[in-house]
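So this one's run-v6.cif, mmCIF, N, CA and C atoms and all ligand atoms:
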data_final
#
loop_
_atom_site.label_atom_id
_atom_site.label_comp_id
_atom_site.auth_asym_id
_atom_site.auth_seq_id
_atom_site.Cartn_x
_atom_site.Cartn_y
_atom_site.Cartn_z
N MET V 30 32.58 12.26 8.46
CA MET V 30 32.31 11.17 7.52
C MET V 30 33.36 11.11 6.44
N LYS V 31 33.62 9.94 5.93
CA LYS V 31 34.57 9.77 4.84
C LYS V 31 33.98 10.27 3.53
N LYS V 32 34.87 10.53 2.60
CA LYS V 32 34.42 11.03 1.31
C LYS V 32 33.48 10.05 0.60
N THR V 33 33.83 8.75 0.69
CA THR V 33 32.99 7.75 0.02
C THR V 33 31.58 7.75 0.62
N THR V 34 31.51 7.95 1.94
CA THR V 34 30.20 7.97 2.58
C THR V 34 29.36 9.12 2.03
N TRP V 35 30.00 10.29 1.90
CA TRP V 35 29.27 11.45 1.37
C TRP V 35 28.78 11.17 -0.05
N THR V 36 29.64 10.51 -0.84
CA THR V 36 29.25 10.21 -2.21
C THR V 36 27.99 9.34 -2.20
N LEU V 37 27.98 8.35 -1.31
CA LEU V 37 26.82 7.46 -1.22
C LEU V 37 25.57 8.23 -0.80
N VAL V 38 25.76 9.11 0.19
CA VAL V 38 24.63 9.90 0.66
C VAL V 38 24.08 10.75 -0.49
N ALA V 39 24.99 11.39 -1.24
CA ALA V 39 24.58 12.23 -2.35
C ALA V 39 23.86 11.40 -3.41
N LEU V 40 24.38 10.23 -3.70
CA LEU V 40 23.76 9.35 -4.69
C LEU V 40 22.35 8.95 -4.28
N ALA V 41 22.22 8.58 -3.00
CA ALA V 41 20.92 8.16 -2.48
C ALA V 41 19.92 9.31 -2.60
N ALA V 42 20.38 10.52 -2.25
CA ALA V 42 19.50 11.68 -2.32
C ALA V 42 19.07 11.95 -3.76
N LEU V 43 20.03 11.83 -4.67
CA LEU V 43 19.72 12.06 -6.09
C LEU V 43 18.71 11.04 -6.60
N THR V 44 18.90 9.77 -6.23
CA THR V 44 17.99 8.72 -6.66
C THR V 44 16.59 9.01 -6.15
N ALA V 45 16.50 9.37 -4.86
CA ALA V 45 15.20 9.67 -4.27
C ALA V 45 14.54 10.82 -5.02
N LEU V 46 15.32 11.87 -5.29
CA LEU V 46 14.79 13.04 -5.99
C LEU V 46 14.29 12.69 -7.38
N SER V 47 15.05 11.89 -8.11
CA SER V 47 14.66 11.59 -9.48
C SER V 47 13.40 10.74 -9.51
N CYS V 48 13.22 9.87 -8.50
CA CYS V 48 12.00 9.07 -8.44
C CYS V 48 10.80 9.99 -8.29
N VAL V 49 10.92 10.95 -7.37
CA VAL V 49 9.81 11.85 -7.10
C VAL V 49 9.48 12.66 -8.35
N SER V 50 10.50 13.18 -9.02
CA SER V 50 10.21 14.04 -10.16
C SER V 50 9.68 13.25 -11.35
N MET V 51 10.06 11.98 -11.45
CA MET V 51 9.58 11.19 -12.59
C MET V 51 8.11 10.83 -12.45
N PHE V 52 7.70 10.46 -11.23
CA PHE V 52 6.35 9.94 -11.06
C PHE V 52 5.44 10.90 -10.30
N GLY V 53 5.94 12.04 -9.88
CA GLY V 53 5.12 12.95 -9.11
C GLY V 53 5.01 12.46 -7.68
N ALA V 54 4.23 11.41 -7.48
CA ALA V 54 4.13 10.82 -6.15
C ALA V 54 5.02 9.58 -6.12
N ASP V 55 5.44 9.22 -4.93
CA ASP V 55 6.39 8.14 -4.76
C ASP V 55 5.67 6.87 -4.25
N ALA V 56 5.34 5.98 -5.18
CA ALA V 56 4.59 4.78 -4.83
C ALA V 56 5.37 3.88 -3.88
N LYS V 57 6.71 3.96 -3.98
CA LYS V 57 7.52 3.10 -3.12
C LYS V 57 7.46 3.58 -1.67
N ALA V 58 7.56 4.89 -1.49
CA ALA V 58 7.40 5.45 -0.15
C ALA V 58 5.98 5.20 0.32
N GLY V 59 5.04 5.28 -0.63
CA GLY V 59 3.63 5.02 -0.32
C GLY V 59 3.42 3.61 0.20
N GLN V 60 4.16 2.67 -0.37
CA GLN V 60 4.02 1.28 0.08
C GLN V 60 4.48 1.13 1.53
N ALA V 61 5.59 1.81 1.85
CA ALA V 61 6.09 1.74 3.23
C ALA V 61 5.05 2.32 4.19
N ALA V 62 4.45 3.44 3.78
CA ALA V 62 3.43 4.09 4.61
C ALA V 62 2.20 3.19 4.72
N TYR V 63 1.83 2.57 3.60
CA TYR V 63 0.67 1.66 3.57
C TYR V 63 0.90 0.49 4.52
N ASP V 64 2.10 -0.10 4.43
CA ASP V 64 2.41 -1.25 5.28
C ASP V 64 2.27 -0.90 6.76
N LYS V 65 2.61 0.36 7.07
CA LYS V 65 2.56 0.80 8.45
C LYS V 65 1.14 1.14 8.90
N SER V 66 0.39 1.83 8.04
CA SER V 66 -0.87 2.41 8.50
C SER V 66 -2.14 1.77 7.94
N CYS V 67 -2.04 0.95 6.91
CA CYS V 67 -3.25 0.44 6.27
C CYS V 67 -3.32 -1.08 6.24
N LYS V 68 -2.16 -1.70 6.17
CA LYS V 68 -2.08 -3.15 5.95
C LYS V 68 -2.86 -3.96 6.99
N GLY V 69 -2.87 -3.49 8.23
CA GLY V 69 -3.55 -4.22 9.30
C GLY V 69 -5.00 -4.49 8.96
N CYS V 70 -5.66 -3.55 8.31
CA CYS V 70 -7.06 -3.71 7.95
C CYS V 70 -7.23 -4.13 6.50
N HIS V 71 -6.37 -3.60 5.62
CA HIS V 71 -6.58 -3.81 4.19
C HIS V 71 -5.69 -4.89 3.58
N GLY V 72 -4.86 -5.54 4.39
CA GLY V 72 -4.02 -6.62 3.87
C GLY V 72 -2.87 -6.10 3.02
N ALA V 73 -1.87 -6.94 2.79
CA ALA V 73 -0.67 -6.52 2.08
C ALA V 73 -0.96 -6.13 0.63
N THR V 74 -1.95 -6.78 0.03
CA THR V 74 -2.22 -6.52 -1.40
C THR V 74 -3.59 -5.89 -1.62
N GLY V 75 -4.19 -5.35 -0.56
CA GLY V 75 -5.48 -4.68 -0.71
C GLY V 75 -6.67 -5.58 -0.44
N SER V 76 -6.41 -6.87 -0.14
CA SER V 76 -7.51 -7.76 0.21
C SER V 76 -7.76 -7.68 1.71
N PRO V 77 -9.02 -7.40 2.07
CA PRO V 77 -9.34 -7.11 3.47
C PRO V 77 -8.94 -8.19 4.45
N ASN V 78 -8.57 -7.75 5.65
CA ASN V 78 -8.29 -8.64 6.77
C ASN V 78 -9.66 -9.06 7.35
N ALA V 79 -10.02 -10.33 7.11
CA ALA V 79 -11.35 -10.82 7.48
C ALA V 79 -11.63 -10.67 8.97
N ALA V 80 -10.61 -10.90 9.80
CA ALA V 80 -10.81 -10.81 11.24
C ALA V 80 -11.17 -9.39 11.66
N VAL V 81 -10.50 -8.41 11.04
CA VAL V 81 -10.78 -7.01 11.37
C VAL V 81 -12.18 -6.63 10.88
N ALA V 82 -12.52 -7.07 9.67
CA ALA V 82 -13.84 -6.77 9.11
C ALA V 82 -14.93 -7.32 10.03
N LYS V 83 -14.69 -8.52 10.53
CA LYS V 83 -15.67 -9.16 11.41
C LYS V 83 -15.78 -8.38 12.72
N MET V 84 -14.63 -8.01 13.26
CA MET V 84 -14.59 -7.28 14.51
C MET V 84 -15.32 -5.93 14.39
N MET V 85 -15.13 -5.26 13.25
CA MET V 85 -15.75 -3.95 13.04
C MET V 85 -17.17 -4.09 12.50
N SER V 86 -17.61 -5.32 12.26
CA SER V 86 -18.85 -5.64 11.56
C SER V 86 -19.10 -4.71 10.38
N VAL V 87 -18.18 -4.78 9.44
CA VAL V 87 -18.27 -3.97 8.24
C VAL V 87 -17.63 -4.75 7.10
N THR V 88 -18.05 -4.45 5.88
CA THR V 88 -17.39 -5.06 4.74
C THR V 88 -16.28 -4.12 4.30
N ILE V 89 -15.05 -4.59 4.36
CA ILE V 89 -13.93 -3.76 3.91
C ILE V 89 -13.75 -4.01 2.41
N PRO V 90 -13.81 -2.96 1.61
CA PRO V 90 -13.69 -3.18 0.16
C PRO V 90 -12.31 -3.66 -0.27
N GLU V 91 -12.30 -4.46 -1.32
CA GLU V 91 -11.06 -4.92 -1.94
C GLU V 91 -10.44 -3.70 -2.65
N LEU V 92 -9.23 -3.34 -2.26
CA LEU V 92 -8.65 -2.10 -2.80
C LEU V 92 -8.22 -2.22 -4.26
N SER V 93 -8.03 -3.46 -4.74
CA SER V 93 -7.63 -3.63 -6.14
C SER V 93 -8.84 -3.62 -7.07
N SER V 94 -10.04 -3.59 -6.48
CA SER V 94 -11.27 -3.71 -7.28
C SER V 94 -11.48 -2.50 -8.19
N ALA V 95 -12.23 -2.73 -9.25
CA ALA V 95 -12.54 -1.66 -10.19
C ALA V 95 -13.25 -0.52 -9.49
N GLU V 96 -14.07 -0.87 -8.50
CA GLU V 96 -14.84 0.16 -7.79
C GLU V 96 -13.91 1.14 -7.06
N VAL V 97 -12.97 0.60 -6.31
CA VAL V 97 -12.04 1.48 -5.59
C VAL V 97 -11.07 2.16 -6.56
N GLN V 98 -10.56 1.38 -7.52
CA GLN V 98 -9.59 1.93 -8.48
C GLN V 98 -10.21 3.02 -9.35
N GLY V 99 -11.54 2.96 -9.49
CA GLY V 99 -12.23 3.95 -10.33
C GLY V 99 -12.42 5.29 -9.65
N LYS V 100 -12.13 5.35 -8.36
CA LYS V 100 -12.28 6.61 -7.65
C LYS V 100 -11.16 7.57 -8.03
N SER V 101 -11.48 8.85 -7.93
CA SER V 101 -10.46 9.85 -8.28
C SER V 101 -9.41 9.92 -7.18
N ASP V 102 -8.23 10.42 -7.52
CA ASP V 102 -7.17 10.57 -6.53
C ASP V 102 -7.64 11.45 -5.37
N ALA V 103 -8.44 12.46 -5.72
CA ALA V 103 -8.93 13.38 -4.70
C ALA V 103 -9.83 12.63 -3.71
N ASP V 104 -10.69 11.74 -4.24
CA ASP V 104 -11.57 10.97 -3.36
C ASP V 104 -10.77 10.01 -2.48
N LEU V 105 -9.77 9.37 -3.08
CA LEU V 105 -8.95 8.42 -2.31
C LEU V 105 -8.19 9.16 -1.21
N THR V 106 -7.68 10.34 -1.54
CA THR V 106 -6.96 11.14 -0.56
C THR V 106 -7.89 11.50 0.60
N LYS V 107 -9.13 11.84 0.25
CA LYS V 107 -10.11 12.21 1.25
C LYS V 107 -10.42 11.05 2.20
N VAL V 108 -10.52 9.83 1.64
CA VAL V 108 -10.77 8.65 2.47
C VAL V 108 -9.66 8.53 3.52
N ILE V 109 -8.42 8.76 3.08
CA ILE V 109 -7.27 8.62 3.97
C ILE V 109 -7.25 9.73 5.03
N THR V 110 -7.48 10.97 4.60
CA THR V 110 -7.32 12.09 5.53
C THR V 110 -8.58 12.39 6.35
N GLU V 111 -9.76 12.02 5.78
CA GLU V 111 -11.00 12.35 6.50
C GLU V 111 -11.78 11.13 6.93
N GLY V 112 -11.37 9.94 6.43
CA GLY V 112 -12.07 8.72 6.77
C GLY V 112 -13.32 8.56 5.92
N LYS V 113 -13.94 7.41 6.03
CA LYS V 113 -15.18 7.18 5.30
C LYS V 113 -15.94 6.07 5.99
N GLY V 114 -17.23 6.30 6.27
CA GLY V 114 -18.03 5.30 6.95
C GLY V 114 -17.35 4.87 8.24
N LYS V 115 -17.08 3.58 8.34
CA LYS V 115 -16.48 3.06 9.58
C LYS V 115 -14.96 3.20 9.61
N MET V 116 -14.38 3.68 8.51
CA MET V 116 -12.93 3.89 8.53
C MET V 116 -12.63 5.29 9.05
N LYS V 117 -11.83 5.33 10.11
CA LYS V 117 -11.48 6.62 10.70
C LYS V 117 -10.36 7.26 9.88
N PRO V 118 -10.22 8.59 9.96
CA PRO V 118 -9.08 9.23 9.28
C PRO V 118 -7.78 8.61 9.78
N VAL V 119 -6.83 8.42 8.87
CA VAL V 119 -5.57 7.78 9.27
C VAL V 119 -4.59 8.85 9.73
N LYS V 120 -4.44 8.94 11.06
CA LYS V 120 -3.60 10.00 11.63
C LYS V 120 -2.13 9.61 11.66
N SER V 121 -1.89 8.30 11.63
CA SER V 121 -0.50 7.83 11.80
C SER V 121 0.29 7.88 10.50
N LEU V 122 -0.34 8.35 9.43
CA LEU V 122 0.31 8.28 8.12
C LEU V 122 1.60 9.07 8.07
N VAL V 123 2.65 8.41 7.56
CA VAL V 123 3.90 9.14 7.35
C VAL V 123 3.98 9.52 5.87
N GLY V 124 4.40 10.74 5.60
CA GLY V 124 4.53 11.19 4.22
C GLY V 124 3.21 11.63 3.65
N PRO V 125 3.25 12.19 2.43
CA PRO V 125 2.04 12.73 1.81
C PRO V 125 1.06 11.62 1.40
N PRO V 126 -0.26 11.84 1.57
CA PRO V 126 -1.25 10.85 1.16
C PRO V 126 -1.11 10.50 -0.33
N ALA V 127 -0.61 11.45 -1.13
CA ALA V 127 -0.47 11.19 -2.57
C ALA V 127 0.42 9.98 -2.84
N ASP V 128 1.42 9.76 -1.98
CA ASP V 128 2.29 8.60 -2.15
C ASP V 128 1.51 7.30 -1.96
N VAL V 129 0.64 7.29 -0.94
CA VAL V 129 -0.16 6.10 -0.68
C VAL V 129 -1.15 5.87 -1.81
N VAL V 130 -1.72 6.98 -2.31
CA VAL V 130 -2.65 6.87 -3.43
C VAL V 130 -1.93 6.28 -4.65
N ALA V 131 -0.70 6.72 -4.88
CA ALA V 131 0.09 6.17 -6.00
C ALA V 131 0.30 4.67 -5.79
N TYR V 132 0.56 4.29 -4.54
CA TYR V 132 0.74 2.86 -4.25
C TYR V 132 -0.56 2.10 -4.47
N LEU V 133 -1.68 2.69 -4.05
CA LEU V 133 -2.98 2.03 -4.22
C LEU V 133 -3.19 1.65 -5.69
N HIS V 134 -2.78 2.56 -6.58
CA HIS V 134 -2.98 2.29 -8.01
C HIS V 134 -2.12 1.13 -8.52
N THR V 135 -1.02 0.84 -7.81
CA THR V 135 -0.21 -0.30 -8.24
C THR V 135 -0.88 -1.62 -7.86
N LEU V 136 -1.92 -1.56 -7.02
CA LEU V 136 -2.61 -2.79 -6.61
C LEU V 136 -3.64 -3.23 -7.65
N LYS V 137 -3.94 -2.34 -8.57
CA LYS V 137 -4.94 -2.61 -9.61
C LYS V 137 -4.60 -3.89 -10.36
N LYS V 138 -5.63 -4.73 -10.54
CA LYS V 138 -5.37 -6.01 -11.20
C LYS V 138 -5.56 -5.89 -12.70
C1 LIG V 201 -8.89 0.23 11.37
C2 LIG V 201 -8.96 -0.39 10.06
C3 LIG V 201 -8.58 0.45 8.84
C4 LIG V 201 -7.39 1.10 8.60
C5 LIG V 201 -6.17 1.20 9.50
C6 LIG V 201 -7.51 1.66 7.26
N1 LIG V 201 -8.74 1.37 6.73
FE1 LIG V 201 -9.41 1.84 4.86
N2 LIG V 201 -11.23 1.07 5.30
C7 LIG V 201 -11.55 0.44 6.48
C8 LIG V 201 -12.97 0.12 6.48
C9 LIG V 201 -13.74 -0.57 7.61
C10 LIG V 201 -13.49 0.58 5.24
C11 LIG V 201 -14.94 0.52 4.78
C12 LIG V 201 -15.63 1.75 5.34
C13 LIG V 201 -17.13 1.69 5.21
O1 LIG V 201 -17.62 1.38 4.12
O2 LIG V 201 -17.80 1.96 6.22
C14 LIG V 201 -12.34 1.15 4.51
C15 LIG V 201 -12.42 1.68 3.23
C16 LIG V 201 -11.34 2.12 2.51
C17 LIG V 201 -11.38 2.54 1.12
C18 LIG V 201 -12.59 2.51 0.19
C19 LIG V 201 -13.38 3.76 0.37
C20 LIG V 201 -14.55 3.83 -0.55
O3 LIG V 201 -14.89 4.95 -0.92
O4 LIG V 201 -15.12 2.79 -0.90
C21 LIG V 201 -10.12 2.92 0.78
C22 LIG V 201 -9.64 3.44 -0.57
C23 LIG V 201 -9.29 2.76 1.96
N3 LIG V 201 -10.06 2.27 3.00
C24 LIG V 201 -7.95 3.05 2.02
C25 LIG V 201 -7.18 3.01 3.19
C26 LIG V 201 -5.82 3.45 3.26
C27 LIG V 201 -5.01 3.96 2.09
C28 LIG V 201 -5.43 3.30 4.56
C29 LIG V 201 -4.08 3.67 5.18
C30 LIG V 201 -3.61 5.02 4.95
C31 LIG V 201 -6.54 2.71 5.28
N4 LIG V 201 -7.59 2.58 4.42
C32 LIG V 201 -6.52 2.37 6.64
C33 LIG V 201 -10.71 0.15 7.53
C34 LIG V 201 -9.42 0.63 7.67
#
Could you express the structure from this file as structure tokens?
Amino acid sequence: MKKTTWTLVALAALTALSCVSMFGADAKAGQAAYDKSCKGCHGATGSPNAAVAKMMSVTIPELSSAEVQGKSDADLTKVITEGKGKMKPVKSLVGPPADVVAYLHTLKK
């Protein structure tokens, strides 16, 4: 690789590191993980996918709601890793659940 390429790689790594250390969890990485593993049922902004809710015959909660936002990070993590009610544990999740939890909090209205 060229020297400039290495510099870019180093810069990118530093940026990623500083994001993690500033916020603890990485909401941006969490969003990517959410888009991949949750969006199908929970919608891009936390509003349930009506077709999926109908198919599963369940009410999918609005993730931006005070009720969901009021849950502790530990509870939210548990929903993701262990499932809850009709929601199965999310096995396809990339990265730590804490990142997704951080992203969930950005949905708060
Ligand atoms: C296959 C569809 C599906 C996928 C994929 C899915 N969920 Fe859910 N989720 C549900 C359903 C259905 C419920 C309601 C469960 C119930 O009340 O029986 C729910 C509930 C929740 C709740 C509220 C739990 C509570 O205590 O009220 C949260 C938070 C949540 N999901 C987050 C996520 C996150 C984050 C992901 C991705 C990592 C995800 N879900 C992936 C279907 C899904």
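Of note, CA of Lys115 in chain V and CA of Ser94 in chain V are spaced 18.9 Å apart.
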Per-residue nearest contacts chain V to ligand LIG 201 (chain V), cut-off 9 Å, using only C-alpha atoms and all ligand atoms, as a Markdown table:
| residue | atom | partner | partner_atom | distance |
| --- | --- | --- | --- | --- |
| V:Gly59 | CA | V:LIG201 | C30 | 9.0 |
| V:Ala62 | CA | V:LIG201 | C30 | 7.1 |
| V:Tyr63 | CA | V:LIG201 | C29 | 5.4 |
| V:Asp64 | CA | V:LIG201 | C29 | 8.1 |
| V:Lys65 | CA | V:LIG201 | C29 | 7.9 |
| V:Ser66 | CA | V:LIG201 | C29 | 4.8 |
| V:Cys67 | CA | V:LIG201 | C29 | 3.5 |
| V:Lys68 | CA | V:LIG201 | C5 | 6.9 |
| V:Gly69 | CA | V:LIG201 | C5 | 6.0 |
| V:Cys70 | CA | V:LIG201 | C2 | 4.4 |
| V:His71 | CA | V:LIG201 | N1 | 6.2 |
| V:Gly75 | CA | V:LIG201 | C24 | 8.6 |
| V:Pro77 | CA | V:LIG201 | C7 | 8.4 |
| V:Asn78 | CA | V:LIG201 | C2 | 8.9 |
| V:Val81 | CA | V:LIG201 | C2 | 7.0 |
| V:Ala82 | CA | V:LIG201 | C9 | 6.4 |
| V:Met85 | CA | V:LIG201 | C9 | 6.7 |
| V:Ser86 | CA | V:LIG201 | C9 | 8.2 |
| V:Val87 | CA | V:LIG201 | C9 | 5.7 |
| V:Thr88 | CA | V:LIG201 | C11 | 6.1 |
| V:Ile89 | CA | V:LIG201 | C11 | 4.5 |
| V:Pro90 | CA | V:LIG201 | C18 | 5.8 |
| V:Glu91 | CA | V:LIG201 | C18 | 7.9 |
| V:Leu92 | CA | V:LIG201 | C22 | 6.1 |
| V:Glu96 | CA | V:LIG201 | O4 | 7.4 |
| V:Val97 | CA | V:LIG201 | O4 | 5.8 |
| V:Gln98 | CA | V:LIG201 | C22 | 8.1 |
| V:Lys100 | CA | V:LIG201 | O3 | 7.4 |
| V:Asp104 | CA | V:LIG201 | O3 | 7.3 |
| V:Leu105 | CA | V:LIG201 | C22 | 5.3 |
| V:Thr106 | CA | V:LIG201 | C27 | 7.9 |
| V:Lys107 | CA | V:LIG201 | O3 | 9.0 |
| V:Val108 | CA | V:LIG201 | C19 | 5.9 |
| V:Ile109 | CA | V:LIG201 | C30 | 5.2 |
| V:Thr110 | CA | V:LIG201 | C30 | 8.0 |
| V:Gly112 | CA | V:LIG201 | FE1 | 7.6 |
| V:Lys113 | CA | V:LIG201 | C12 | 5.4 |
| V:Gly114 | CA | V:LIG201 | O2 | 3.4 |
| V:Lys115 | CA | V:LIG201 | O2 | 3.8 |
| V:Met116 | CA | V:LIG201 | C7 | 4.2 |
| V:Lys117 | CA | V:LIG201 | C1 | 6.9 |
| V:Pro118 | CA | V:LIG201 | C32 | 7.8 |
| V:Val119 | CA | V:LIG201 | C30 | 5.5 |
| V:Lys120 | CA | V:LIG201 | C30 | 8.3 |
| V:Ser121 | CA | V:LIG201 | C30 | 8.0 |
| V:Leu122 | CA | V:LIG201 | C30 | 6.0 |
| V:Val123 | CA | V:LIG201 | C30 | 8.9 |
| V:Pro126 | CA | V:LIG201 | C30 | 7.3 |
| V:Val129 | CA | V:LIG201 | C27 | 6.0 |
| V:Val130 | CA | V:LIG201 | C27 | 6.7 |
| V:Tyr132 | CA | V:LIG201 | C27 | 8.6 |
| V:Leu133 | CA | V:LIG201 | C27 | 6.9 |
Run DSSP on the backbone of this structure and report the residues of chain V it assigns to helix (DSSP H, G or I), as a PyMOL selection string. chain V and resi 32-52+56-66+68-71+79-84+95-98+102-111+126-135
Find the distance between atom N of Ala80 in chain V and atom N of Leu136 in chain V and write it in Å to one decimal. 21.1 Å
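Between Thr135 in chain V and the residues V:Ala103, V:Met84, V:Ala56, V:Ala61, the shortest atom-to-atom distance, using all atoms listed in the file, involves V:Ala56.
Atom C of Ala95 in chain V is found 17.9 Å from atom N of Ala73 in chain V.
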How big is the axis-aligned box, and where does its centre sit, when it encloses all atoms of range 53-61 of chain V listed in the file and has 3 Å added on every side, reported in Å to one decimal as JSON?
{"center_x": 5.5, "center_y": 7.0, "center_z": -2.8, "size_x": 10.1, "size_y": 17.8, "size_z": 20.1}
